[in-house]
>>> print(open('structure.cif').read())   # mmCIF, C-alpha atoms and all ligand atoms
data_target
loop_
_atom_site.label_atom_id
_atom_site.label_comp_id
_atom_site.auth_asym_id
_atom_site.auth_seq_id
_atom_site.Cartn_x
_atom_site.Cartn_y
_atom_site.Cartn_z
CA MET B 198 1.88 -27.39 -3.50
CA ARG B 199 1.51 -23.61 -3.60
CA THR B 200 -1.93 -22.20 -3.03
CA GLY B 201 -3.55 -18.85 -2.36
CA ILE B 202 -5.86 -18.72 0.64
CA TYR B 203 -9.20 -16.89 0.62
CA ILE B 204 -11.21 -16.27 3.80
CA HIS B 205 -14.80 -15.08 3.50
CA TYR B 206 -16.41 -12.95 6.17
CA PRO B 207 -20.12 -12.71 5.30
CA PHE B 208 -21.32 -9.88 7.57
CA CYS B 209 -21.89 -6.20 6.79
CA LEU B 210 -23.28 -3.23 8.67
CA LYS B 211 -26.05 -2.87 6.10
CA LYS B 212 -26.84 -4.53 2.79
CA CYS B 213 -26.06 -2.27 -0.18
CA LEU B 214 -28.90 -1.99 -2.70
CA TYR B 215 -26.91 -3.47 -5.61
CA CYS B 216 -25.18 -6.28 -3.72
CA ASP B 217 -25.63 -9.96 -4.52
CA PHE B 218 -22.54 -11.15 -2.63
CA ASN B 219 -22.92 -13.77 0.07
CA SER B 220 -23.32 -11.28 2.89
CA ALA B 221 -25.91 -10.34 5.50
CA ALA B 222 -26.50 -7.27 7.62
CA SER B 223 -27.78 -9.03 10.68
CA SER B 224 -27.11 -12.40 12.18
CA THR B 225 -27.42 -14.18 15.49
CA VAL B 226 -23.94 -15.58 14.81
CA GLY B 227 -21.21 -13.50 16.41
CA PRO B 228 -17.72 -12.88 15.00
CA GLU B 229 -16.04 -15.25 17.52
CA GLN B 230 -18.39 -18.11 16.67
CA TYR B 231 -17.88 -17.60 12.94
CA VAL B 232 -14.09 -17.34 13.23
CA SER B 233 -14.05 -20.55 15.33
CA ALA B 234 -15.90 -22.27 12.48
CA LEU B 235 -13.38 -20.87 9.99
CA LEU B 236 -10.52 -22.24 12.08
CA GLY B 237 -12.29 -25.60 12.29
CA GLU B 238 -12.77 -25.71 8.54
CA MET B 239 -9.11 -24.85 7.94
CA GLU B 240 -8.03 -27.75 10.20
CA LEU B 241 -10.41 -30.16 8.42
CA ARG B 242 -9.18 -29.15 4.98
CA GLN B 243 -5.52 -29.30 5.92
CA ARG B 244 -5.90 -32.93 7.02
CA LEU B 245 -7.21 -33.81 3.56
CA LEU B 246 -4.25 -32.34 1.68
CA PRO B 247 -1.71 -34.86 0.43
CA GLY B 248 1.27 -32.92 1.75
CA PRO B 249 2.52 -29.61 3.06
CA CYS B 250 1.84 -26.44 1.13
CA SER B 251 2.97 -22.87 0.97
CA ALA B 252 0.74 -19.85 0.51
CA PRO B 253 2.04 -16.79 -1.36
CA THR B 254 -1.17 -14.83 -0.72
CA LEU B 255 -3.98 -14.54 1.81
CA TYR B 256 -7.11 -12.54 1.03
CA PHE B 257 -9.87 -11.60 3.48
CA GLY B 258 -12.99 -10.85 1.41
CA GLY B 259 -16.62 -10.39 2.15
CA GLY B 260 -18.92 -9.06 3.28
CA THR B 261 -16.94 -6.66 5.39
CA PRO B 262 -13.93 -8.38 6.97
CA SER B 263 -12.88 -5.07 8.55
CA LEU B 264 -15.76 -5.63 11.00
CA MET B 265 -13.58 -8.31 12.62
CA SER B 266 -11.36 -7.25 15.49
CA PRO B 267 -7.58 -7.31 14.86
CA PRO B 268 -7.07 -10.23 17.30
CA LEU B 269 -9.55 -12.35 15.31
CA VAL B 270 -7.79 -11.46 12.06
CA GLY B 271 -4.49 -12.30 13.81
CA ARG B 272 -5.79 -15.76 14.79
CA LEU B 273 -6.73 -16.48 11.17
CA ILE B 274 -3.34 -15.32 9.91
CA GLU B 275 -1.56 -17.50 12.49
CA ALA B 276 -3.68 -20.48 11.42
CA THR B 277 -2.76 -19.83 7.78
CA VAL B 278 0.94 -19.80 8.71
CA ARG B 279 0.63 -23.02 10.74
CA LEU B 280 -1.65 -25.01 8.43
CA PHE B 281 -0.87 -23.72 4.94
CA GLY B 282 2.64 -22.31 5.22
CA LEU B 283 1.89 -18.62 4.64
CA GLU B 284 5.13 -17.34 3.15
CA SER B 285 7.13 -14.67 4.98
CA ASP B 286 6.75 -12.21 2.07
CA ALA B 287 3.13 -13.13 1.38
CA GLU B 288 0.64 -10.54 0.19
CA VAL B 289 -2.04 -10.34 2.90
CA THR B 290 -5.06 -8.30 1.82
CA LEU B 291 -8.04 -7.27 3.90
CA GLU B 292 -11.16 -5.76 2.33
CA ALA B 293 -12.24 -2.80 4.44
CA ASN B 294 -15.17 -0.45 4.30
CA PRO B 295 -15.06 3.20 5.32
CA GLY B 296 -17.13 3.64 8.45
CA THR B 297 -15.69 0.48 10.06
CA LEU B 298 -12.13 1.72 10.64
CA THR B 299 -10.43 3.52 13.52
CA PRO B 300 -6.72 4.34 13.98
CA ASP B 301 -6.39 1.58 16.62
CA LYS B 302 -8.10 -0.98 14.44
CA LEU B 303 -5.93 -0.15 11.44
CA SER B 304 -2.75 -0.34 13.53
CA GLY B 305 -4.01 -3.65 14.92
CA PHE B 306 -4.59 -5.09 11.44
CA ARG B 307 -1.13 -3.96 10.35
CA ALA B 308 0.49 -5.47 13.47
CA ALA B 309 -1.41 -8.72 12.90
CA GLY B 310 0.23 -9.07 9.48
CA VAL B 311 -2.17 -7.44 7.01
CA ASN B 312 0.01 -5.59 4.47
CA ARG B 313 -2.51 -4.61 1.81
CA LEU B 314 -5.87 -2.90 2.25
CA SER B 315 -8.66 -2.95 -0.31
CA LEU B 316 -10.91 -0.03 0.52
CA GLY B 317 -14.53 -0.05 -0.72
CA VAL B 318 -14.81 3.63 -1.64
CA GLN B 319 -17.14 3.19 -4.66
CA SER B 320 -17.80 6.93 -5.09
CA PHE B 321 -16.65 10.32 -3.83
CA GLU B 322 -20.18 11.79 -4.17
CA ASP B 323 -22.48 11.52 -1.15
CA ARG B 324 -25.55 11.62 -3.42
CA LEU B 325 -24.32 8.54 -5.31
CA LEU B 326 -23.24 6.73 -2.15
CA ALA B 327 -26.74 7.21 -0.74
CA ARG B 328 -28.22 5.95 -4.03
CA LEU B 329 -26.12 2.78 -3.67
CA GLY B 330 -27.22 2.30 -0.06
CA ARG B 331 -23.66 2.55 1.23
CA VAL B 332 -23.26 3.24 4.96
CA HIS B 333 -20.45 5.78 4.62
CA THR B 334 -19.91 9.26 3.24
CA ALA B 335 -17.24 10.45 0.82
CA ARG B 336 -15.51 12.27 3.68
CA GLU B 337 -15.30 9.03 5.68
CA ALA B 338 -13.77 7.27 2.67
CA VAL B 339 -11.03 9.90 2.36
CA ASP B 340 -10.45 9.90 6.12
CA SER B 341 -10.21 6.08 6.16
CA PHE B 342 -7.63 6.17 3.39
CA ARG B 343 -5.50 8.72 5.26
CA LEU B 344 -5.83 6.84 8.55
CA ALA B 345 -4.67 3.68 6.81
CA ARG B 346 -1.60 5.48 5.49
CA ARG B 347 -0.82 6.77 8.97
CA ALA B 348 -1.19 3.25 10.35
CA GLY B 349 1.59 2.13 8.01
CA PHE B 350 -0.28 0.73 4.99
CA ASP B 351 1.85 1.48 1.94
CA ASN B 352 -0.20 -0.69 -0.41
CA ILE B 353 -3.82 0.45 -0.63
CA SER B 354 -6.31 -0.41 -3.33
CA ILE B 355 -9.56 1.47 -3.79
CA ASP B 356 -12.73 0.18 -5.44
CA LEU B 357 -14.66 2.67 -7.54
CA MET B 358 -17.90 2.13 -9.47
CA HIS B 359 -19.13 3.80 -12.62
CA SER B 360 -22.31 3.69 -14.71
CA LEU B 361 -24.31 4.47 -11.57
CA PRO B 362 -27.85 5.88 -11.60
CA GLU B 363 -27.72 9.61 -12.36
CA GLN B 364 -23.92 9.63 -12.52
CA SER B 365 -22.45 12.00 -15.07
CA LEU B 366 -19.20 11.55 -16.98
CA PRO B 367 -17.60 14.60 -15.26
CA GLU B 368 -18.49 13.09 -11.88
CA TRP B 369 -16.79 9.83 -12.83
CA ARG B 370 -13.69 11.63 -14.06
CA ALA B 371 -13.60 13.62 -10.81
CA ALA B 372 -13.81 10.37 -8.81
CA LEU B 373 -10.84 8.93 -10.69
CA GLN B 374 -8.88 12.14 -10.17
CA GLU B 375 -9.63 12.06 -6.46
CA GLY B 376 -8.40 8.45 -6.24
CA ILE B 377 -5.23 9.43 -8.09
CA ALA B 378 -4.73 12.46 -5.84
CA LEU B 379 -5.05 10.28 -2.74
CA GLY B 380 -2.18 8.18 -4.12
CA ALA B 381 -3.85 4.77 -4.10
CA GLU B 382 -1.39 2.11 -5.31
CA HIS B 383 -4.18 0.18 -7.02
CA VAL B 384 -7.60 1.03 -8.43
CA SER B 385 -10.36 -1.46 -9.23
CA ALA B 386 -12.89 0.33 -11.42
CA TYR B 387 -16.06 -1.60 -12.18
CA ALA B 388 -19.26 -0.74 -14.00
CA LEU B 389 -22.39 -1.30 -11.95
CA THR B 390 -24.20 -4.46 -13.00
CA VAL B 391 -27.76 -4.93 -11.86
CA GLU B 392 -27.99 -8.44 -10.42
CA ASP B 393 -31.20 -10.45 -10.17
CA GLY B 394 -32.77 -10.55 -6.74
CA THR B 395 -31.31 -7.23 -5.56
CA PRO B 396 -33.34 -4.10 -4.68
CA PHE B 397 -31.73 -2.46 -7.75
CA ALA B 398 -33.24 -5.18 -9.97
CA LEU B 399 -36.69 -4.39 -8.54
CA LEU B 400 -36.19 -0.68 -9.09
CA GLN B 401 -35.03 -1.33 -12.64
CA SER B 402 -38.05 -3.47 -13.43
CA SER B 403 -40.35 -0.70 -12.23
CA GLY B 404 -38.48 1.93 -14.25
CA GLU B 405 -37.07 3.67 -11.18
CA LEU B 406 -33.37 3.14 -11.80
CA PRO B 407 -32.16 5.86 -14.17
CA LEU B 408 -28.97 4.19 -15.42
CA PRO B 409 -26.79 6.12 -17.87
CA PRO B 410 -27.14 5.05 -21.51
CA GLU B 411 -24.74 2.38 -22.75
CA GLU B 412 -22.65 4.81 -24.78
CA TRP B 413 -21.97 6.78 -21.60
CA ALA B 414 -20.80 3.61 -19.87
CA ALA B 415 -18.37 3.09 -22.74
CA ARG B 416 -17.09 6.65 -22.37
CA MET B 417 -16.68 6.17 -18.62
CA PHE B 418 -14.61 3.07 -19.28
CA GLU B 419 -12.50 4.98 -21.82
CA SER B 420 -12.00 7.78 -19.28
CA THR B 421 -10.88 5.22 -16.72
CA CYS B 422 -8.15 3.91 -19.01
CA GLU B 423 -7.14 7.39 -20.16
CA LEU B 424 -6.86 9.06 -16.73
CA LEU B 425 -5.30 6.17 -14.82
CA THR B 426 -2.79 5.40 -17.55
CA ALA B 427 -1.79 9.06 -17.75
CA ALA B 428 -1.23 9.00 -13.98
CA GLY B 429 1.22 6.08 -14.22
CA TYR B 430 -1.10 3.14 -13.54
CA ARG B 431 -0.91 0.06 -15.71
CA GLN B 432 -4.12 -1.62 -16.73
CA TYR B 433 -3.18 -5.23 -16.06
CA GLU B 434 -6.71 -6.62 -16.10
CA ILE B 435 -9.89 -5.30 -17.67
CA SER B 436 -11.04 -3.48 -14.53
CA ASN B 437 -7.80 -3.34 -12.52
CA PHE B 438 -5.03 -0.75 -12.60
CA ALA B 439 -1.85 -0.68 -10.56
CA LEU B 440 1.22 1.43 -10.03
CA PRO B 441 4.43 -0.47 -10.91
CA GLY B 442 4.81 -3.62 -8.82
CA ARG B 443 1.41 -3.20 -7.13
CA ALA B 444 -0.83 -5.54 -9.14
CA SER B 445 -2.83 -7.84 -6.89
CA ARG B 446 -0.87 -11.07 -6.66
CA HIS B 447 -3.87 -12.89 -5.24
CA ASN B 448 -6.30 -11.96 -7.99
CA SER B 449 -3.69 -12.46 -10.72
CA ALA B 450 -3.41 -16.07 -9.53
CA TYR B 451 -7.18 -16.56 -10.10
CA TRP B 452 -6.83 -15.45 -13.71
CA SER B 453 -3.93 -17.80 -14.34
CA ARG B 454 -5.77 -20.78 -12.80
CA GLN B 455 -3.44 -21.29 -9.88
CA SER B 456 -4.74 -23.12 -6.83
CA TYR B 457 -6.62 -21.29 -4.13
CA LEU B 458 -8.41 -22.66 -1.10
CA GLY B 459 -11.47 -20.73 0.02
CA PHE B 460 -12.79 -20.86 3.58
CA GLY B 461 -16.06 -19.59 4.97
CA ALA B 462 -19.70 -19.58 3.94
CA GLY B 463 -20.06 -19.59 0.15
CA ALA B 464 -16.29 -19.48 -0.50
CA HIS B 465 -15.02 -20.90 -3.81
CA SER B 466 -11.87 -22.98 -4.33
CA LEU B 467 -9.77 -24.39 -7.13
CA TYR B 468 -7.41 -27.20 -6.27
CA ASN B 469 -5.20 -27.51 -9.31
CA THR B 470 -2.15 -29.73 -9.06
CA ASP B 471 -2.55 -31.58 -12.33
CA GLY B 472 -3.40 -28.82 -14.82
CA LEU B 473 -7.09 -29.77 -14.68
CA GLY B 474 -8.30 -29.16 -11.15
CA HIS B 475 -11.24 -29.58 -8.83
CA ARG B 476 -13.50 -26.60 -8.25
CA TRP B 477 -15.93 -26.43 -5.36
CA LYS B 478 -18.13 -24.03 -3.48
CA ASN B 479 -18.87 -24.09 0.22
CA ALA B 480 -22.40 -24.04 1.61
CA GLY B 481 -23.48 -20.41 1.28
CA GLU B 482 -26.21 -20.52 3.88
CA LEU B 483 -24.69 -19.72 7.25
CA ASP B 484 -26.51 -22.37 9.28
CA ALA B 485 -25.62 -25.11 6.80
CA TYR B 486 -21.99 -23.98 6.87
CA LEU B 487 -21.77 -23.91 10.68
CA THR B 488 -23.61 -27.23 11.08
CA ALA B 489 -21.26 -28.98 8.66
CA VAL B 490 -18.09 -27.69 10.32
CA SER B 491 -19.30 -28.31 13.89
CA GLY B 492 -20.15 -31.86 12.81
CA GLY B 493 -16.59 -32.36 11.57
CA ARG B 494 -17.60 -32.28 7.90
CA ILE B 495 -16.08 -30.25 5.09
CA PRO B 496 -18.84 -27.76 4.14
CA GLU B 497 -18.44 -28.37 0.41
CA GLU B 498 -21.74 -28.10 -1.44
CA GLU B 499 -21.01 -28.02 -5.14
CA GLY B 500 -17.91 -29.67 -6.55
CA GLU B 501 -16.72 -30.45 -10.05
CA GLU B 502 -13.74 -32.33 -11.45
CA LEU B 503 -12.60 -30.35 -14.46
CA SER B 504 -12.03 -32.06 -17.79
CA VAL B 505 -9.26 -31.14 -20.23
CA GLU B 506 -11.87 -29.20 -22.24
CA ASP B 507 -12.96 -27.27 -19.12
CA ALA B 508 -9.36 -26.47 -18.19
CA VAL B 509 -8.54 -25.27 -21.71
CA SER B 510 -11.68 -23.09 -21.90
CA GLU B 511 -10.93 -21.55 -18.52
CA SER B 512 -7.33 -20.90 -19.53
CA PHE B 513 -8.55 -18.88 -22.51
CA PHE B 514 -11.32 -16.80 -20.95
CA LEU B 515 -9.51 -16.18 -17.67
CA GLY B 516 -6.09 -15.63 -19.24
CA LEU B 517 -7.44 -13.11 -21.75
CA ARG B 518 -8.77 -10.98 -18.88
CA MET B 519 -5.17 -9.98 -18.30
CA LEU B 520 -3.91 -7.35 -20.67
CA ASP B 521 -0.62 -9.24 -21.15
CA GLY B 522 -2.77 -12.06 -22.50
CA LEU B 523 -2.10 -15.72 -22.74
CA ASP B 524 0.90 -17.77 -23.87
CA LEU B 525 -0.33 -20.62 -26.06
CA ALA B 526 2.98 -22.54 -26.00
CA PRO B 527 2.72 -23.87 -22.41
CA LEU B 528 -0.96 -24.65 -22.97
CA GLU B 529 -0.14 -26.76 -26.01
CA ALA B 530 2.71 -28.46 -24.16
CA ARG B 531 0.43 -29.30 -21.22
CA TYR B 532 -2.78 -30.36 -22.95
CA GLY B 533 -1.64 -31.34 -26.46
CA GLU B 534 -2.86 -29.94 -29.79
CA LYS B 535 -6.22 -31.67 -30.03
CA PRO B 536 -8.07 -29.98 -27.11
CA LEU B 537 -6.88 -26.59 -28.33
CA GLU B 538 -8.05 -26.98 -31.93
CA ARG B 539 -11.54 -25.46 -31.53
CA HIS B 540 -10.14 -22.51 -29.59
CA LEU B 541 -7.32 -21.90 -32.05
CA ASP B 542 -9.90 -21.68 -34.86
CA GLU B 543 -11.69 -19.06 -32.76
CA VAL B 544 -8.41 -17.24 -32.13
CA ALA B 545 -7.80 -17.09 -35.90
CA ARG B 546 -11.29 -15.64 -36.50
CA LEU B 547 -10.89 -13.05 -33.74
CA GLU B 548 -7.44 -12.15 -35.03
CA LYS B 549 -8.86 -11.63 -38.50
CA SER B 550 -11.57 -9.35 -37.15
CA GLY B 551 -8.94 -7.37 -35.22
CA LEU B 552 -10.19 -8.24 -31.73
CA LEU B 553 -7.17 -10.34 -30.76
CA LEU B 554 -3.50 -9.63 -31.38
CA ARG B 555 -0.79 -12.28 -31.63
CA GLU B 556 2.89 -11.80 -30.85
CA GLY B 557 4.80 -15.06 -31.19
CA SER B 558 2.91 -17.64 -29.18
CA ARG B 559 1.17 -14.99 -27.05
CA ILE B 560 -2.33 -13.69 -27.74
CA ARG B 561 -4.05 -10.73 -26.13
CA LEU B 562 -7.07 -8.50 -26.53
CA ALA B 563 -6.54 -5.64 -28.98
CA PRO B 564 -6.74 -2.30 -27.12
CA HIS B 565 -10.09 -1.37 -28.70
CA ALA B 566 -11.47 -4.86 -27.88
CA VAL B 567 -11.00 -4.56 -24.11
CA ILE B 568 -14.40 -2.92 -23.86
CA LEU B 569 -15.87 -5.84 -25.84
CA ALA B 570 -14.14 -8.43 -23.69
CA ASN B 571 -17.30 -10.31 -22.72
CA THR B 572 -18.16 -10.88 -26.36
CA VAL B 573 -14.66 -12.26 -26.94
CA PHE B 574 -14.78 -14.48 -23.82
CA SER B 575 -18.13 -15.98 -24.80
CA ARG B 576 -16.42 -17.54 -27.85
CA PHE B 577 -14.27 -19.69 -25.55
CA LEU B 578 -16.99 -21.06 -23.30
S1 LIG B 601 -20.41 -3.70 1.85
FE1 LIG B 601 -19.91 -4.99 0.07
S2 LIG B 601 -20.53 -7.05 0.63
FE2 LIG B 601 -21.47 -5.66 2.11
S3 LIG B 601 -23.51 -5.29 1.30
FE3 LIG B 601 -22.20 -3.65 0.53
S4 LIG B 601 -21.42 -4.39 -1.46
FE4 LIG B 601 -22.28 -6.14 -0.36
#
>>> encode(input="structure.cif", output="structure tokens")
Amino acid sequence: MRTGIYIHYPFCLKKCLYCDFNSAASSTVGPEQYVSALLGEMELRQRLLPGPCSAPTLYFGGGTPSLMSPPLVGRLIEATVRLFGLESDAEVTLEANPGTLTPDKLSGFRAAGVNRLSLGVQSFEDRLLARLGRVHTAREAVDSFRLARRAGFDNISIDLMHSLPEQSLPEWRAALQEGIALGAEHVSAYALTVEDGTPFALLQSSGELPLPPEEWAARMFESTCELLTAAGYRQYEISNFALPGRASRHNSAYWSRQSYLGFGAGAHSLYNTDGLGHRWKNAGELDAYLTAVSGGRIPEEEGEELSVEDAVSESFFLGLRMLDGLDLAPLEARYGEKPLERHLDEVARLEKSGLLLREGSRIRLAPHAVILANTVFSRFL
């Protein structure tokens, strides 16, 4: 069995005002204690697997995994090699935030086996960074990028956000140009979404979050595609752009429903060896997670065996996220014609309205429909 490995590190220096990820700014749990629990969980899970596996990718997400020391990251990488057969040419990504990196730390991560950095830049404007509640400045983001290069990282992704409060279109275009000028191999460019339960949701409900109008958001998205494409990046997923050969292997596997095992508080997994799969989520609450693992129990909280209908629906709405689209032939061969019927009717309707294109057995979003992707995906749920 081949499976990606995801490791969640749920601690941050400070909680950003828009963030609804499973992360906390303060905890009585130290990094060593949490990493010990991660190692314990990995051992428990490995014993449940029917046979040996190999892992083409390892992804440290969060939270802020760059708050870990390089030796702790090294211990987790070694455990992934020993327990899950991390491949010698595996993509090993670490999410890092500016303000948490030093030259020694970056060299340490590189020496431990991290070969791809995903840097949470978000904006190159200090005013916007402060609005988001980020802990770092634009200068620190640029410095972190350059330090990472000097430490030997030749595969760096940056995250940028648009449709921010009081953000203008020229500011967004300048941010993209700055990312291009830095020479990032990969850019993830997301629109801000205001999530329930966040300080931003409160501000929005009291009319204190001056978001740009929707038509501006659309123009920012168009600018993203225009500027990054002109600079040689390929849009391989709705919000993700990469220089040739630099698409995220780990995230691409999510969208094509390949197996991944998630470790840590609130981590998600898909164990898919039969075309259907079992999805589960770990306990998100830190105490519940630690108690389960220290008691020798898998910290799984919500699990679901997927039906053929679930697997087919997921194949459509995840596969269409990728700009290369989805090949219907292997789907039909795997699941048969019957479970696909409803979706193929939908495909025909979307094709007729110009939102989907078909080339042979492959379907994909029409270029002008990428911005309407959520509307298209909702038809396959
Ligand atoms: S750094 Fe990331 S995970 Fe942490 S609070 Fe900010 S957005 Fe959330």
>>> residues_around(input="structure.cif", residues="segment 500-507 of chain B", least_positions_apart="5", cutoff="12 Å", atoms="only C-alpha atoms", output="PyMOL selection string")
chain B and resi 454+464-480+495+512-515+528-529+531-540+577-578
>>> residues_near_ligand(input="structure.cif", ligand="ligand LIG 601 (chain B)", cutoff="12 Å", atoms="all atoms listed in the file", output="mmCIF file with C-alpha atoms, in the coordinates of the input")
data_model
loop_
_atom_site.group_PDB
_atom_site.id
_atom_site.type_symbol
_atom_site.label_atom_id
_atom_site.label_comp_id
_atom_site.auth_asym_id
_atom_site.auth_seq_id
_atom_site.Cartn_x
_atom_site.Cartn_y
_atom_site.Cartn_z
ATOM 1 C CA HIS B 205 -14.800 -15.080 3.500
ATOM 2 C CA TYR B 206 -16.410 -12.950 6.170
ATOM 3 C CA PRO B 207 -20.120 -12.710 5.300
ATOM 4 C CA PHE B 208 -21.320 -9.880 7.570
ATOM 5 C CA CYS B 209 -21.890 -6.200 6.790
ATOM 6 C CA LEU B 210 -23.280 -3.230 8.670
ATOM 7 C CA LYS B 211 -26.050 -2.870 6.100
ATOM 8 C CA LYS B 212 -26.840 -4.530 2.790
ATOM 9 C CA CYS B 213 -26.060 -2.270 -0.180
ATOM 10 C CA LEU B 214 -28.900 -1.990 -2.700
ATOM 11 C CA TYR B 215 -26.910 -3.470 -5.610
ATOM 12 C CA CYS B 216 -25.180 -6.280 -3.720
ATOM 13 C CA ASP B 217 -25.630 -9.960 -4.520
ATOM 14 C CA PHE B 218 -22.540 -11.150 -2.630
ATOM 15 C CA ASN B 219 -22.920 -13.770 0.070
ATOM 16 C CA SER B 220 -23.320 -11.280 2.890
ATOM 17 C CA ALA B 221 -25.910 -10.340 5.500
ATOM 18 C CA ALA B 222 -26.500 -7.270 7.620
ATOM 19 C CA SER B 223 -27.780 -9.030 10.680
ATOM 20 C CA PHE B 257 -9.870 -11.600 3.480
ATOM 21 C CA GLY B 258 -12.990 -10.850 1.410
ATOM 22 C CA GLY B 259 -16.620 -10.390 2.150
ATOM 23 C CA GLY B 260 -18.920 -9.060 3.280
ATOM 24 C CA THR B 261 -16.940 -6.660 5.390
ATOM 25 C CA PRO B 262 -13.930 -8.380 6.970
ATOM 26 C CA SER B 263 -12.880 -5.070 8.550
ATOM 27 C CA LEU B 264 -15.760 -5.630 11.000
ATOM 28 C CA GLU B 292 -11.160 -5.760 2.330
ATOM 29 C CA ALA B 293 -12.240 -2.800 4.440
ATOM 30 C CA ASN B 294 -15.170 -0.450 4.300
ATOM 31 C CA PRO B 295 -15.060 3.200 5.320
ATOM 32 C CA GLY B 296 -17.130 3.640 8.450
ATOM 33 C CA THR B 297 -15.690 0.480 10.060
ATOM 34 C CA SER B 315 -8.660 -2.950 -0.310
ATOM 35 C CA LEU B 316 -10.910 -0.030 0.520
ATOM 36 C CA GLY B 317 -14.530 -0.050 -0.720
ATOM 37 C CA VAL B 318 -14.810 3.630 -1.640
ATOM 38 C CA GLN B 319 -17.140 3.190 -4.660
ATOM 39 C CA LEU B 326 -23.240 6.730 -2.150
ATOM 40 C CA ALA B 327 -26.740 7.210 -0.740
ATOM 41 C CA LEU B 329 -26.120 2.780 -3.670
ATOM 42 C CA GLY B 330 -27.220 2.300 -0.060
ATOM 43 C CA ARG B 331 -23.660 2.550 1.230
ATOM 44 C CA VAL B 332 -23.260 3.240 4.960
ATOM 45 C CA HIS B 333 -20.450 5.780 4.620
ATOM 46 C CA ASP B 356 -12.730 0.180 -5.440
ATOM 47 C CA LEU B 357 -14.660 2.670 -7.540
ATOM 48 C CA MET B 358 -17.900 2.130 -9.470
ATOM 49 C CA LEU B 389 -22.390 -1.300 -11.950
ATOM 50 C CA THR B 390 -24.200 -4.460 -13.000
ATOM 51 C CA GLU B 392 -27.990 -8.440 -10.420
ATOM 52 C CA THR B 395 -31.310 -7.230 -5.560
ATOM 53 C CA PRO B 396 -33.340 -4.100 -4.680
#
>>> residues_around(input="structure.cif", residues="Ala570 of chain B", least_positions_apart="5", cutoff="9 Å", atoms="all atoms listed in the file", output="list in words")
Ile435, Leu517, Arg518, Leu552, Leu562 and Ser575 of chain B
>>> atom_distance(input="structure.cif", atom1="atom CA of Val226 of chain B", atom2="atom CA of Glu497 of chain B")
20.0 Å
>>> closest_residue(input="structure.cif", among="B:Thr200, B:Thr299, B:Ser510, B:Ser360", to="Glu543 of chain B", atoms="only C-alpha atoms")
B:Ser510
>>> atom_distance(input="structure.cif", atom1="atom CA of Glu363 of chain B", atom2="atom CA of Tyr430 of chain B")
27.4 Å
>>> residues_around(input="structure.cif", residues="Arg347 of chain B", least_positions_apart="2", cutoff="9 Å", atoms="all atoms listed in the file", output="MDAnalysis selection string")
chainID B and resid 300 303:304 342:345 349:350
